file target-v5.txt (compact mmCIF, C-alpha atoms)
# COMPACT_ATOMS: atom_id res chain seq x y z
CA MET C 1 9.53 46.50 -46.67
CA THR C 2 7.76 43.37 -47.84
CA CYS C 3 4.53 41.86 -46.57
CA PHE C 4 6.61 39.11 -44.92
CA THR C 5 8.38 41.71 -42.79
CA TYR C 6 5.08 43.23 -41.77
CA ASP C 7 3.72 39.78 -40.90
CA LEU C 8 6.01 39.61 -37.92
CA GLU C 9 4.75 42.95 -36.70
CA ILE C 10 1.08 42.14 -37.18
CA ASP C 11 1.18 39.78 -34.18
CA ASP C 12 2.49 42.53 -31.90
CA TYR C 13 0.02 44.96 -33.44
CA VAL C 14 -3.06 42.86 -32.68
CA GLU C 15 -1.73 42.23 -29.17
CA GLY C 16 -1.18 45.94 -28.61
CA THR C 17 2.53 45.51 -27.93
CA LEU C 18 3.96 46.96 -31.14
CA PRO C 19 6.19 49.95 -30.30
CA ALA C 20 4.42 53.24 -31.02
CA ALA C 21 7.17 54.21 -33.46
CA ARG C 22 6.21 51.24 -35.67
CA VAL C 23 2.43 51.48 -35.43
CA ALA C 24 2.05 54.35 -37.92
CA ALA C 25 4.21 52.60 -40.54
CA LEU C 26 2.28 49.34 -40.19
CA GLU C 27 -1.10 51.08 -40.32
CA ALA C 28 0.01 52.89 -43.47
CA HIS C 29 0.87 49.51 -45.01
CA LEU C 30 -2.43 47.96 -43.88
CA ALA C 31 -4.29 50.83 -45.54
CA THR C 32 -2.86 49.85 -48.90
CA CYS C 33 -2.43 46.05 -48.60
CA SER C 34 -5.60 43.97 -48.51
CA ARG C 35 -3.66 40.76 -47.88
CA CYS C 36 -2.01 42.07 -44.67
CA ARG C 37 -5.25 43.74 -43.60
CA ALA C 38 -7.01 40.36 -43.88
CA VAL C 39 -4.25 38.71 -41.85
CA ALA C 40 -4.56 41.33 -39.11
CA THR C 41 -8.34 40.98 -38.99
CA ASP C 42 -8.13 37.18 -38.85
CA PHE C 43 -5.43 37.20 -36.17
CA ARG C 44 -7.55 39.54 -34.07
CA MET C 45 -10.56 37.29 -34.55
CA LEU C 46 -8.57 34.19 -33.61
CA ARG C 47 -7.14 35.79 -30.52
CA SER C 48 -10.55 36.90 -29.36
CA ALA C 49 -12.15 33.49 -29.99
CA ALA C 50 -9.26 31.61 -28.34
CA SER C 51 -9.52 33.65 -25.16
CA THR C 52 -13.20 32.75 -24.76
CA LEU C 53 -12.94 28.99 -25.26
CA GLU C 54 -14.76 27.15 -22.51
CA ARG C 55 -13.36 24.90 -19.86
CA ARG C 56 -14.08 21.21 -20.03
CA THR C 57 -14.94 19.02 -17.06
CA PRO C 58 -12.97 15.79 -16.76
CA PRO C 59 -15.03 12.57 -16.70
CA PRO C 60 -15.97 11.44 -13.15
CA GLU C 61 -13.88 8.28 -13.47
CA VAL C 62 -10.68 10.34 -13.33
CA TRP C 63 -11.38 11.32 -9.72
CA ARG C 64 -12.34 7.73 -8.92
CA ARG C 65 -9.02 6.56 -10.33
CA VAL C 66 -7.10 9.19 -8.36
CA ALA C 67 -8.90 8.31 -5.11
CA ALA C 68 -8.41 4.57 -5.68
CA ALA C 69 -4.69 5.01 -6.37
CA ILE C 70 -4.22 7.07 -3.20
CA HIS C 71 -6.20 4.55 -1.16
CA GLU C 72 -4.16 1.69 -2.58
CA SER C 73 -0.86 3.41 -1.88
CA SER C 74 -1.88 4.01 1.75
CA GLU C 75 -2.73 0.35 2.37
CA PRO C 76 0.03 -1.16 4.51
CA ALA C 77 -0.37 -4.54 2.84
CA GLY C 78 0.21 -2.92 -0.54
CA TRP C 79 3.55 -1.40 0.23
CA LEU C 80 4.66 -4.24 2.46
CA SER C 81 4.24 -6.71 -0.33
CA TRP C 82 5.94 -4.29 -2.71
CA MET C 83 8.87 -3.78 -0.40
CA LEU C 84 9.53 -7.32 0.70
CA PRO C 85 7.25 -10.04 -0.58
CA GLY C 86 5.37 -12.32 1.79
CA LEU C 87 6.79 -13.10 5.18
CA ALA C 88 10.25 -11.83 4.33
CA TRP C 89 9.40 -8.34 5.56
CA ARG C 90 7.74 -9.48 8.79
CA SER C 91 10.60 -11.79 9.53
CA ALA C 92 13.10 -9.04 8.83
CA VAL C 93 11.46 -6.65 11.30
CA ALA C 94 10.95 -9.34 13.90
CA ALA C 95 14.54 -10.52 13.50
CA ALA C 96 15.85 -6.98 13.75
CA VAL C 97 13.98 -6.32 16.99
CA ILE C 98 15.05 -9.66 18.45
CA VAL C 99 18.69 -8.98 17.51
CA THR C 100 18.43 -5.64 19.31
CA VAL C 101 16.91 -7.24 22.40
CA LEU C 102 19.44 -10.05 22.55
CA ALA C 103 22.30 -7.61 22.12
CA ALA C 104 20.80 -5.37 24.78
CA GLY C 105 20.21 -8.35 27.09
CA THR C 106 23.83 -9.46 26.77
CA TRP C 107 25.02 -5.93 27.39
CA PHE C 108 22.78 -5.59 30.46
CA SER C 109 24.08 -8.88 31.87
CA TRP C 110 27.61 -7.67 31.38
CA ARG C 111 26.72 -4.31 32.98
CA GLU C 112 25.12 -6.08 35.94
CA VAL C 113 28.32 -7.96 36.70
CA ALA C 114 30.44 -4.87 36.21
CA ASP C 115 28.12 -2.70 38.28
CA THR C 116 27.93 -5.24 41.10
CA ARG C 117 31.71 -5.19 41.29
CA ARG C 118 31.75 -1.41 41.24
CA VAL C 119 29.02 -1.19 43.88
CA ALA C 120 30.90 -3.68 46.02
CA SER C 121 34.12 -1.73 45.67
CA THR C 122 32.45 1.59 46.32
CA ALA C 123 30.22 0.67 49.22
CA GLY C 124 29.11 3.74 51.10
CA LEU C 125 28.78 5.90 47.95
CA SER C 126 26.21 8.63 48.17
CA THR C 127 22.55 7.91 47.53
CA PRO C 128 21.03 9.09 44.23
CA SER C 129 20.66 12.85 43.99
CA PRO C 130 17.15 14.42 43.86
CA GLU C 131 17.96 15.58 40.29
CA SER C 132 18.74 12.02 39.26
CA ARG C 133 15.49 10.83 40.86
CA GLY C 134 13.63 13.56 39.00
CA VAL C 135 15.11 12.44 35.67
CA GLU C 136 14.12 8.85 36.43
CA GLN C 137 10.55 9.88 37.23
CA ALA C 138 10.28 11.95 34.03
CA MET C 139 11.59 9.04 31.94
CA ARG C 140 9.17 6.58 33.56
CA THR C 141 6.24 8.92 32.82
CA GLN C 142 7.36 9.29 29.22
CA ILE C 143 7.75 5.53 28.86
CA SER C 144 4.29 4.94 30.28
CA ASP C 145 2.75 7.38 27.77
CA MET C 146 4.63 5.86 24.85
CA GLU C 147 3.70 2.32 25.88
CA LYS C 148 0.04 3.35 25.77
CA THR C 149 0.54 4.77 22.27
CA VAL C 150 2.22 1.62 21.00
CA ARG C 151 -0.44 -0.57 22.64
CA THR C 152 -3.21 1.38 20.93
CA ALA C 153 -1.60 1.50 17.49
CA SER C 154 0.40 -1.70 17.27
CA ALA C 155 -2.33 -3.44 15.26
CA VAL C 156 -0.71 -2.14 12.07
CA LEU C 157 2.43 -4.12 12.90
CA PRO C 158 2.84 -7.71 11.75
CA THR C 159 2.20 -10.27 14.51
CA GLU C 160 5.86 -11.28 14.56
CA THR C 161 6.96 -7.72 15.10
CA GLN C 162 4.47 -7.27 17.92
CA ALA C 163 5.75 -10.45 19.55
CA ALA C 164 9.37 -9.34 19.18
CA TYR C 165 8.50 -5.98 20.71
CA GLN C 166 6.78 -7.70 23.66
CA GLN C 167 9.84 -9.87 24.17
CA ALA C 168 12.16 -6.86 24.06
CA GLY C 169 9.98 -5.02 26.56
CA ALA C 170 9.94 -8.01 28.92
CA VAL C 171 13.76 -8.29 28.89
CA LEU C 172 14.14 -4.59 29.65
CA ASP C 173 11.46 -4.64 32.37
CA ASP C 174 13.14 -7.62 34.02
CA ALA C 175 16.49 -5.78 34.06
CA LEU C 176 14.79 -2.64 35.40
CA ASN C 177 13.09 -4.58 38.21
CA ARG C 178 16.38 -6.14 39.25
CA ARG C 179 18.02 -2.71 39.32
CA ALA C 180 15.18 -1.32 41.40
CA GLY C 181 15.71 -4.12 43.95
CA GLU C 182 19.36 -3.20 44.53
CA PRO C 183 20.54 -0.90 47.33
CA PRO C 184 20.18 2.68 46.11
CA SER C 185 23.36 4.43 45.05
CA GLU C 186 24.40 6.90 42.39
CA VAL C 187 26.06 4.05 40.46
CA THR C 188 22.99 1.84 40.35
CA GLN C 189 20.92 4.91 39.59
CA GLN C 190 23.05 5.67 36.51
CA SER C 191 22.65 2.08 35.37
CA LEU C 192 18.89 2.37 35.90
CA LEU C 193 18.76 5.54 33.80
CA GLU C 194 20.66 3.82 31.00
CA LEU C 195 18.13 1.01 31.01
CA LEU C 196 15.26 3.49 30.92
CA GLN C 197 16.95 5.26 28.02
CA SER C 198 17.19 1.93 26.14
CA LYS C 199 13.49 1.37 26.68
CA LEU C 200 12.69 4.88 25.45
CA THR C 201 14.77 4.27 22.32
CA LEU C 202 12.96 1.00 21.62
CA LEU C 203 9.57 2.71 22.03
CA GLN C 204 10.62 5.62 19.82
CA GLU C 205 11.67 3.20 17.08
CA MET C 206 8.38 1.31 17.32
CA ILE C 207 6.29 4.50 17.16
CA ALA C 208 8.31 5.78 14.22
CA LEU C 209 7.83 2.45 12.43
CA ILE C 210 4.07 2.47 13.13
CA ASN C 211 3.80 6.03 11.80
CA GLU C 212 5.67 5.27 8.60
CA MET C 213 3.62 2.09 8.04
CA ARG C 214 0.42 4.09 8.44
CA LYS C 215 1.64 6.69 5.94
CA GLY C 216 2.83 4.03 3.53
CA ASN C 217 6.30 5.58 3.49
CA GLN C 218 8.41 2.65 2.35
CA GLU C 219 11.73 4.47 2.29
CA GLU C 220 11.52 5.75 5.84
CA ALA C 221 10.22 2.44 7.23
CA ALA C 222 13.15 0.65 5.59
CA ARG C 223 15.53 3.21 7.08
CA ILE C 224 14.09 2.60 10.58
CA VAL C 225 14.39 -1.16 10.16
CA SER C 226 17.98 -0.84 9.03
CA GLY C 227 18.58 1.44 12.05
CA ILE C 228 17.17 -1.24 14.38
CA GLU C 229 19.40 -3.82 12.72
CA GLN C 230 22.57 -1.80 13.35
CA MET I 231 0.60 33.86 1.28
CA ASN I 232 -2.97 32.56 1.14
CA SER I 233 -4.00 31.03 4.46
CA PRO I 234 -7.09 29.13 3.15
CA ASP I 235 -4.71 27.52 0.62
CA LEU I 236 -2.24 26.67 3.37
CA GLU I 237 -5.00 25.25 5.53
CA LEU I 238 -6.31 23.15 2.63
CA ALA I 239 -2.77 21.95 1.83
CA ARG I 240 -2.21 21.10 5.50
CA ARG I 241 -5.41 19.04 5.62
CA CYS I 242 -4.49 17.27 2.39
CA GLY I 243 -1.00 16.59 3.74
CA GLN I 244 -2.55 14.93 6.78
CA GLY I 245 -4.41 12.50 4.55
CA ASP I 246 -7.82 14.24 4.66
CA MET I 247 -9.43 12.86 1.48
CA ALA I 248 -12.42 15.25 1.69
CA ALA I 249 -9.97 18.16 1.54
CA PHE I 250 -8.13 16.58 -1.37
CA GLU I 251 -11.37 16.07 -3.26
CA GLU I 252 -12.22 19.73 -2.63
CA LEU I 253 -8.86 20.65 -4.16
CA TYR I 254 -9.51 18.38 -7.13
CA ARG I 255 -13.01 19.76 -7.80
CA ALA I 256 -11.73 23.33 -7.67
CA HIS I 257 -8.79 22.91 -10.04
CA ALA I 258 -9.30 19.81 -12.18
CA PRO I 259 -11.43 21.49 -14.92
CA ARG I 260 -8.82 24.17 -15.63
CA LEU I 261 -5.94 21.69 -15.65
CA TYR I 262 -7.85 19.11 -17.69
CA THR I 263 -8.79 21.71 -20.32
CA LEU I 264 -5.18 22.85 -20.56
CA MET I 265 -3.97 19.26 -20.94
CA LEU I 266 -6.65 18.45 -23.46
CA ARG I 267 -5.60 21.37 -25.64
CA MET I 268 -1.91 20.71 -25.24
CA THR I 269 -2.13 17.01 -26.04
CA GLY I 270 -5.13 17.05 -28.38
CA SER I 271 -6.31 13.77 -26.83
CA GLU I 272 -8.96 13.13 -24.18
CA ALA I 273 -7.43 9.84 -23.07
CA GLU I 274 -3.97 11.38 -22.67
CA ALA I 275 -5.37 14.41 -20.86
CA GLU I 276 -7.21 12.12 -18.41
CA ASP I 277 -4.07 10.10 -17.71
CA LEU I 278 -2.02 13.25 -17.23
CA LEU I 279 -4.62 14.78 -14.92
CA GLN I 280 -4.59 11.66 -12.79
CA GLU I 281 -0.79 11.72 -12.63
CA VAL I 282 -0.70 15.42 -11.69
CA PHE I 283 -3.09 14.93 -8.78
CA LEU I 284 -1.21 11.87 -7.55
CA GLN I 285 1.98 13.88 -7.73
CA ALA I 286 0.26 16.77 -5.91
CA HIS I 287 -0.92 14.38 -3.20
CA ARG I 288 2.66 13.24 -2.64
CA LYS I 289 4.09 16.75 -2.67
CA LEU I 290 1.44 18.76 -0.81
CA GLY I 291 3.21 18.25 2.50
CA GLY I 292 5.99 20.44 1.11
CA PHE I 293 3.66 23.24 -0.05
CA ARG I 294 4.80 26.41 1.73
CA GLY I 295 2.41 28.92 0.19
CA GLU I 296 4.99 30.89 -1.84
CA SER I 297 2.38 30.90 -4.62
CA SER I 298 -1.33 30.08 -4.63
CA LEU I 299 -2.32 26.41 -4.72
CA GLY I 300 -3.80 27.05 -8.17
CA THR I 301 -0.50 28.36 -9.53
CA TRP I 302 1.42 25.55 -7.85
CA LEU I 303 -0.87 22.93 -9.41
CA TYR I 304 -0.76 24.69 -12.76
CA ARG I 305 3.04 24.48 -12.81
CA LEU I 306 2.90 20.80 -11.97
CA ALA I 307 0.41 20.29 -14.81
CA VAL I 308 2.40 22.25 -17.40
CA ASN I 309 5.61 20.42 -16.50
CA GLN I 310 3.87 17.06 -16.58
CA CYS I 311 2.38 17.89 -19.97
CA LEU I 312 5.65 19.11 -21.42
CA ASP I 313 7.50 16.00 -20.24
CA PHE I 314 4.85 13.88 -21.87
CA LEU I 315 4.90 15.87 -25.12
CA ARG I 316 8.70 15.75 -25.31
CA GLY I 317 8.54 11.99 -24.94
CA ARG I 318 5.87 11.74 -27.60
CA GLN I 319 7.77 14.07 -29.91
CA ALA I 320 10.89 11.96 -29.54
CA ARG I 321 8.91 8.80 -30.28
CA MET I 322 7.39 10.41 -33.36
CA ALA I 323 10.77 11.69 -34.49
CA ARG I 324 12.15 8.17 -34.25
CA ALA I 325 9.19 6.88 -36.25
CA THR I 326 9.05 9.55 -38.91
CA GLY I 327 12.54 11.04 -38.85
CA SER I 328 11.23 14.59 -38.49
CA TYR I 329 9.38 16.94 -36.15
CA ASP I 330 6.75 19.38 -37.36
CA ASP I 331 6.48 19.94 -41.05
CA ASP I 332 7.07 23.59 -41.69
CA ASP I 333 4.94 24.03 -44.78
CA VAL I 334 2.09 26.36 -44.02
CA ALA I 335 -0.40 26.68 -46.80
CA GLU I 336 -1.26 30.33 -46.41
CA PRO I 337 -4.58 31.24 -47.96
CA VAL I 338 -4.07 33.88 -50.62
CA ALA I 339 -6.93 36.04 -49.50
CA PRO I 340 -7.52 39.72 -50.01
CA ALA I 341 -10.28 39.56 -47.40
CA PRO I 342 -10.53 37.97 -43.94
CA VAL I 343 -11.14 34.23 -44.14
CA ILE I 344 -12.20 33.55 -40.57
CA PRO I 345 -15.92 34.09 -40.02
CA ALA I 346 -16.98 36.61 -37.42
CA ALA I 347 -19.00 33.97 -35.57
CA ILE I 348 -16.21 31.41 -35.48
CA SER I 349 -17.37 28.02 -34.26
CA ARG I 350 -15.70 27.01 -31.00
CA VAL I 351 -15.89 23.38 -32.04
CA ASP I 352 -14.04 24.13 -35.28
CA LEU I 353 -11.45 26.15 -33.41
CA GLU I 354 -10.89 23.38 -30.82
CA ARG I 355 -10.50 20.85 -33.61
CA ALA I 356 -8.06 23.05 -35.46
CA ILE I 357 -5.99 23.65 -32.31
CA ALA I 358 -5.83 19.89 -31.77
CA ARG I 359 -4.36 19.49 -35.26
CA LEU I 360 -1.51 21.97 -34.71
CA PRO I 361 2.01 20.58 -34.43
CA HIS I 362 2.88 20.31 -30.76
CA GLY I 363 5.54 23.05 -30.62
CA CYS I 364 3.37 25.85 -31.89
CA ARG I 365 0.24 24.43 -30.27
CA THR I 366 1.79 24.62 -26.80
CA ALA I 367 2.87 28.24 -27.29
CA PHE I 368 -0.51 29.18 -28.79
CA VAL I 369 -2.50 27.54 -25.98
CA LEU I 370 -0.42 29.17 -23.27
CA HIS I 371 -0.41 32.59 -24.93
CA ASP I 372 -3.70 33.08 -26.79
CA VAL I 373 -5.93 30.70 -24.82
CA GLU I 374 -4.51 30.84 -21.31
CA GLY I 375 -3.40 34.46 -21.57
CA PHE I 376 0.25 34.19 -20.50
CA ALA I 377 2.63 36.87 -21.79
CA HIS I 378 5.40 35.78 -24.15
CA HIS I 379 8.08 36.13 -21.48
CA GLU I 380 6.03 33.83 -19.20
CA VAL I 381 5.52 31.28 -21.97
CA ALA I 382 9.23 31.44 -22.72
CA ALA I 383 10.10 30.78 -19.07
CA MET I 384 7.66 27.84 -18.85
CA LEU I 385 8.88 26.21 -22.06
CA GLY I 386 12.56 27.02 -21.61
CA ILE I 387 12.72 28.93 -24.90
CA SER I 388 13.45 32.54 -25.83
CA GLU I 389 10.72 35.16 -25.99
CA GLY I 390 11.39 35.51 -29.72
CA THR I 391 10.82 31.79 -30.21
CA SER I 392 7.55 32.00 -28.29
CA LYS I 393 6.42 34.82 -30.61
CA SER I 394 7.40 32.96 -33.76
CA GLN I 395 5.64 29.76 -32.56
CA VAL I 396 2.44 31.67 -31.84
CA HIS I 397 2.74 33.38 -35.23
CA LYS I 398 3.14 30.01 -36.92
CA ALA I 399 0.13 28.63 -35.03
CA ARG I 400 -2.06 31.56 -36.03
CA PHE I 401 -1.18 31.14 -39.70
CA ARG I 402 -1.86 27.41 -39.54
CA LEU I 403 -5.17 27.93 -37.76
CA ARG I 404 -6.16 30.56 -40.30
CA SER I 405 -5.40 28.12 -43.06
CA MET I 406 -7.31 25.26 -41.42
CA LEU I 407 -10.30 27.41 -40.53
CA SER I 408 -10.52 28.93 -44.00
CA ALA I 409 -10.63 25.38 -45.39
CA ALA I 410 -13.30 24.48 -42.83
CA VAL I 411 -15.65 27.26 -43.96
CA ARG I 412 -15.16 26.75 -47.68
call {"tool": "encode", "arguments": {"input": "target-v5.txt", "output": "structure tokens"}}
result
Amino acid sequence: MTCFTYDLEIDDYVEGTLPAARVAALEAHLATCSRCRAVATDFRMLRSAASTLERRTPPPEVWRRVAAAIHESSEPAGWLSWMLPGLAWRSAVAAAVIVTVLAAGTWFSWREVADTRRVASTAGLSTPSPESRGVEQAMRTQISDMEKTVRTASAVLPTETQAAYQQAGAVLDDALNRRAGEPPSEVTQQSLLELLQSKLTLLQEMIALINEMRKGNQEEAARIVSGIEQ
Amino acid sequence: MNSPDLELARRCGQGDMAAFEELYRAHAPRLYTLMLRMTGSEAEAEDLLQEVFLQAHRKLGGFRGESSLGTWLYRLAVNQCLDFLRGRQARMARATGSYDDDDVAEPVAPAPVIPAAISRVDLERAIARLPHGCRTAFVLHDVEGFAHHEVAAMLGISEGTSKSQVHKARFRLRSMLSAAVR
């Protein structure tokens, strides 16, 4: 065997991973070859020195840069301007909410006419069941809690979006009040529950949007907006 | 599963900057040192460290504790470094038309050439001058203490290639250090 062949084994030897069957042959070679013995000694020295090299501390400005970048990315204004420059974004959200409200308003008007006819044609139908009343009460409680949440946190929303949300809420509340003024029946109760469900959906969308804006999650906020638009 | 790690990751995921700074202080020196040795450049190591912690901040919400936070961060750092080095290697290959030069001037020495009290500064400098392929394997194996099969898995190479890269690095370092002491 040549020194070159032994070279490849010297690495395993200094690491202690050379198979026992090869150790004796290599040691016999090292005993007679000063060149390979020097290589083995140097490799051992290198390995020992490399394993004791000290850690270095990064300069303080690296943390400052990391913290600044995180802070910047969590600023609503930062991602809003990145996503849709200037007023385009605000207008888009406001428009989406208004579209939803107008569509809902039209649908409610249509439902009112249809329901009035149905109520008229089914006079004497049973009054709302206790279960149905219970569902209504639970939904109203949930709506009240969610309204408080939106009221507290809506400052992160653009003014236009807040205004559109207020408008949407007013339309729904008006429809709900009119329903509540009608003679109680299972039909009007179902219509009332549908209105409450619409209000819950609107509030859920607003809370989700507020949360994503706070987190600076552009993708999810865009998805919510596109969901409102549909 | 390490519950202090999970708790720290949970706090970081909720946007607690004090918790994230705690994470940074605990792990940045180890990652920075690794990056410094792998890139051979302070400026590049600083940029990479920043990028790794920004990436960690984005991904911590998904940390499930399958490994320790230290190991999780270490993997992020190694991958980030390797991506960077591959890009740099490709740029250099375009500029020079070749990767590492393979000529190793082996000192013809009948006696050891590396002094017993080897200077850490000289060794750090010599490591920084290694070609990137063998430097990465050497740093992970001889400095960081990973076994060849672990180095191979991290770099996506065979165990035999890891061994030959470390071998090449040791010969080059021996050559450089013998020149340094002459």
call {"tool": "residues_around", "arguments": {"input": "target-v5.txt", "residues": "Glu9 (chain C)", "least_positions_apart": "4", "cutoff": "12 Å", "atoms": "all atoms listed in the file", "output": "ChimeraX atom specification"}}
result
/C:1-5,13-27,29-30,36,39-40,43 /I:393-394,397
call {"tool": "closest_atom_pairs", "arguments": {"input": "target-v5.txt", "of": "chain C", "to": "chain I", "cutoff": "9 Å", "atoms": "all atoms listed in the file", "output": "JSON lines"}}
result
{"residue": "C:Asp7", "atom": "CA", "partner": "I:His397", "partner_atom": "CA", "distance": 8.6}
{"residue": "C:Leu8", "atom": "CA", "partner": "I:His397", "partner_atom": "CA", "distance": 7.5}
{"residue": "C:Asp11", "atom": "CA", "partner": "I:His397", "partner_atom": "CA", "distance": 6.7}
{"residue": "C:Asp12", "atom": "CA", "partner": "I:Lys393", "partner_atom": "CA", "distance": 8.7}
{"residue": "C:Cys33", "atom": "CA", "partner": "I:Pro340", "partner_atom": "CA", "distance": 8.2}
{"residue": "C:Ser34", "atom": "CA", "partner": "I:Pro340", "partner_atom": "CA", "distance": 4.9}
{"residue": "C:Arg35", "atom": "CA", "partner": "I:Pro340", "partner_atom": "CA", "distance": 4.5}
{"residue": "C:Cys36", "atom": "CA", "partner": "I:Pro340", "partner_atom": "CA", "distance": 8.0}
{"residue": "C:Arg37", "atom": "CA", "partner": "I:Ala341", "partner_atom": "CA", "distance": 7.6}
{"residue": "C:Ala38", "atom": "CA", "partner": "I:Pro342", "partner_atom": "CA", "distance": 4.3}
{"residue": "C:Val39", "atom": "CA", "partner": "I:Pro342", "partner_atom": "CA", "distance": 6.7}
{"residue": "C:Ala40", "atom": "CA", "partner": "I:Pro342", "partner_atom": "CA", "distance": 8.4}
{"residue": "C:Thr41", "atom": "CA", "partner": "I:Pro342", "partner_atom": "CA", "distance": 6.2}
{"residue": "C:Asp42", "atom": "CA", "partner": "I:Pro342", "partner_atom": "CA", "distance": 5.7}
{"residue": "C:Phe43", "atom": "CA", "partner": "I:Arg400", "partner_atom": "CA", "distance": 6.6}
{"residue": "C:Met45", "atom": "CA", "partner": "I:Ala346", "partner_atom": "CA", "distance": 7.1}
{"residue": "C:Leu46", "atom": "CA", "partner": "I:Arg400", "partner_atom": "CA", "distance": 7.4}
{"residue": "C:Arg47", "atom": "CA", "partner": "I:Asp372", "partner_atom": "CA", "distance": 5.8}
{"residue": "C:Ser48", "atom": "CA", "partner": "I:Asp372", "partner_atom": "CA", "distance": 8.3}
{"residue": "C:Ala49", "atom": "CA", "partner": "I:Ile348", "partner_atom": "CA", "distance": 7.1}
{"residue": "C:Ala50", "atom": "CA", "partner": "I:Val373", "partner_atom": "CA", "distance": 4.9}
{"residue": "C:Ser51", "atom": "CA", "partner": "I:Val373", "partner_atom": "CA", "distance": 4.7}
{"residue": "C:Thr52", "atom": "CA", "partner": "I:Val373", "partner_atom": "CA", "distance": 7.6}
{"residue": "C:Leu53", "atom": "CA", "partner": "I:Arg350", "partner_atom": "CA", "distance": 6.7}
{"residue": "C:Glu54", "atom": "CA", "partner": "I:Thr263", "partner_atom": "CA", "distance": 8.4}
{"residue": "C:Arg55", "atom": "CA", "partner": "I:Thr263", "partner_atom": "CA", "distance": 5.6}
{"residue": "C:Arg56", "atom": "CA", "partner": "I:Thr263", "partner_atom": "CA", "distance": 5.3}
{"residue": "C:Thr57", "atom": "CA", "partner": "I:Pro259", "partner_atom": "CA", "distance": 4.8}
{"residue": "C:Pro58", "atom": "CA", "partner": "I:Tyr262", "partner_atom": "CA", "distance": 6.2}
{"residue": "C:Pro59", "atom": "CA", "partner": "I:Glu276", "partner_atom": "CA", "distance": 8.0}
{"residue": "C:Val62", "atom": "CA", "partner": "I:Gln280", "partner_atom": "CA", "distance": 6.3}
{"residue": "C:Trp63", "atom": "CA", "partner": "I:Gln280", "partner_atom": "CA", "distance": 7.5}
{"residue": "C:Arg65", "atom": "CA", "partner": "I:Gln280", "partner_atom": "CA", "distance": 7.2}
{"residue": "C:Val66", "atom": "CA", "partner": "I:Gln280", "partner_atom": "CA", "distance": 5.7}
{"residue": "C:Ala67", "atom": "CA", "partner": "I:Met247", "partner_atom": "CA", "distance": 8.0}
{"residue": "C:Ala69", "atom": "CA", "partner": "I:Leu284", "partner_atom": "CA", "distance": 7.8}
{"residue": "C:Ile70", "atom": "CA", "partner": "I:Leu284", "partner_atom": "CA", "distance": 7.1}
{"residue": "C:Lys215", "atom": "CA", "partner": "I:Gly245", "partner_atom": "CA", "distance": 8.5}
call {"tool": "atom_distance", "arguments": {"input": "target-v5.txt", "atom1": "CA of Glu220 (chain C)", "atom2": "CA of Ala170 (chain C)"}}
result
26.9 Å
call {"tool": "residues_around", "arguments": {"input": "target-v5.txt", "residues": "region 293-300 of chain I", "least_positions_apart": "5", "cutoff": "9 Å", "atoms": "all atoms listed in the file", "output": "list of chain:residue names"}}
result
I:Met231, I:Asn232, I:Ser233, I:Asp235, I:Leu236, I:Leu238, I:Ala239, I:Arg240, I:Gly243, I:Leu253, I:Ala256, I:His257, I:Arg305
call {"tool": "write_last_selection", "arguments": {"input": "target-v5.txt", "atoms": "C-alpha atoms", "output": "compact mmCIF listing (two decimals), in the coordinates of the input"}}
result
# COMPACT_ATOMS: atom_id res chain seq x y z
CA MET I 231 0.60 33.86 1.28
CA ASN I 232 -2.97 32.56 1.14
CA SER I 233 -4.00 31.03 4.46
CA ASP I 235 -4.71 27.52 0.62
CA LEU I 236 -2.24 26.67 3.37
CA LEU I 238 -6.31 23.15 2.63
CA ALA I 239 -2.77 21.95 1.83
CA ARG I 240 -2.21 21.10 5.50
CA GLY I 243 -1.00 16.59 3.74
CA LEU I 253 -8.86 20.65 -4.16
CA ALA I 256 -11.73 23.33 -7.67
CA HIS I 257 -8.79 22.91 -10.04
CA ARG I 305 3.04 24.48 -12.81
call {"tool": "atom_distance", "arguments": {"input": "target-v5.txt", "atom1": "CA of Ser132 (chain C)", "atom2": "CA of Leu193 (chain C)"}}
result
8.5 Å
call {"tool": "atom_distance", "arguments": {"input": "target-v5.txt", "atom1": "CA of Asp173 (chain C)", "atom2": "CA of Thr161 (chain C)"}}
result
18.1 Å
call {"tool": "axis_aligned_box", "arguments": {"input": "target-v5.txt", "around": "region 184-194 of chain C", "padding_each_side": "8 Å", "output": "JSON"}}
result
{"center_x": 22.4, "center_y": 4.4, "center_z": 38.6, "size_x": 23.3, "size_y": 21.1, "size_z": 31.1}
call {"tool": "residues_around", "arguments": {"input": "target-v5.txt", "residues": "region 314-316 of chain I", "least_positions_apart": "4", "cutoff": "12 Å", "atoms": "all atoms listed in the file", "output": "MDAnalysis selection string"}}
result
chainID I and resid 265:271 274:275 277:279 281:282 307:310 320:323 329 361:363 365:366 385
call {"tool": "residues_around", "arguments": {"input": "target-v5.txt", "residues": "Leu370 (chain I)", "least_positions_apart": "6", "cutoff": "9 Å", "atoms": "all atoms listed in the file", "output": "PyMOL selection string"}}
result
chain I and resi 264+268+376-378+380-381
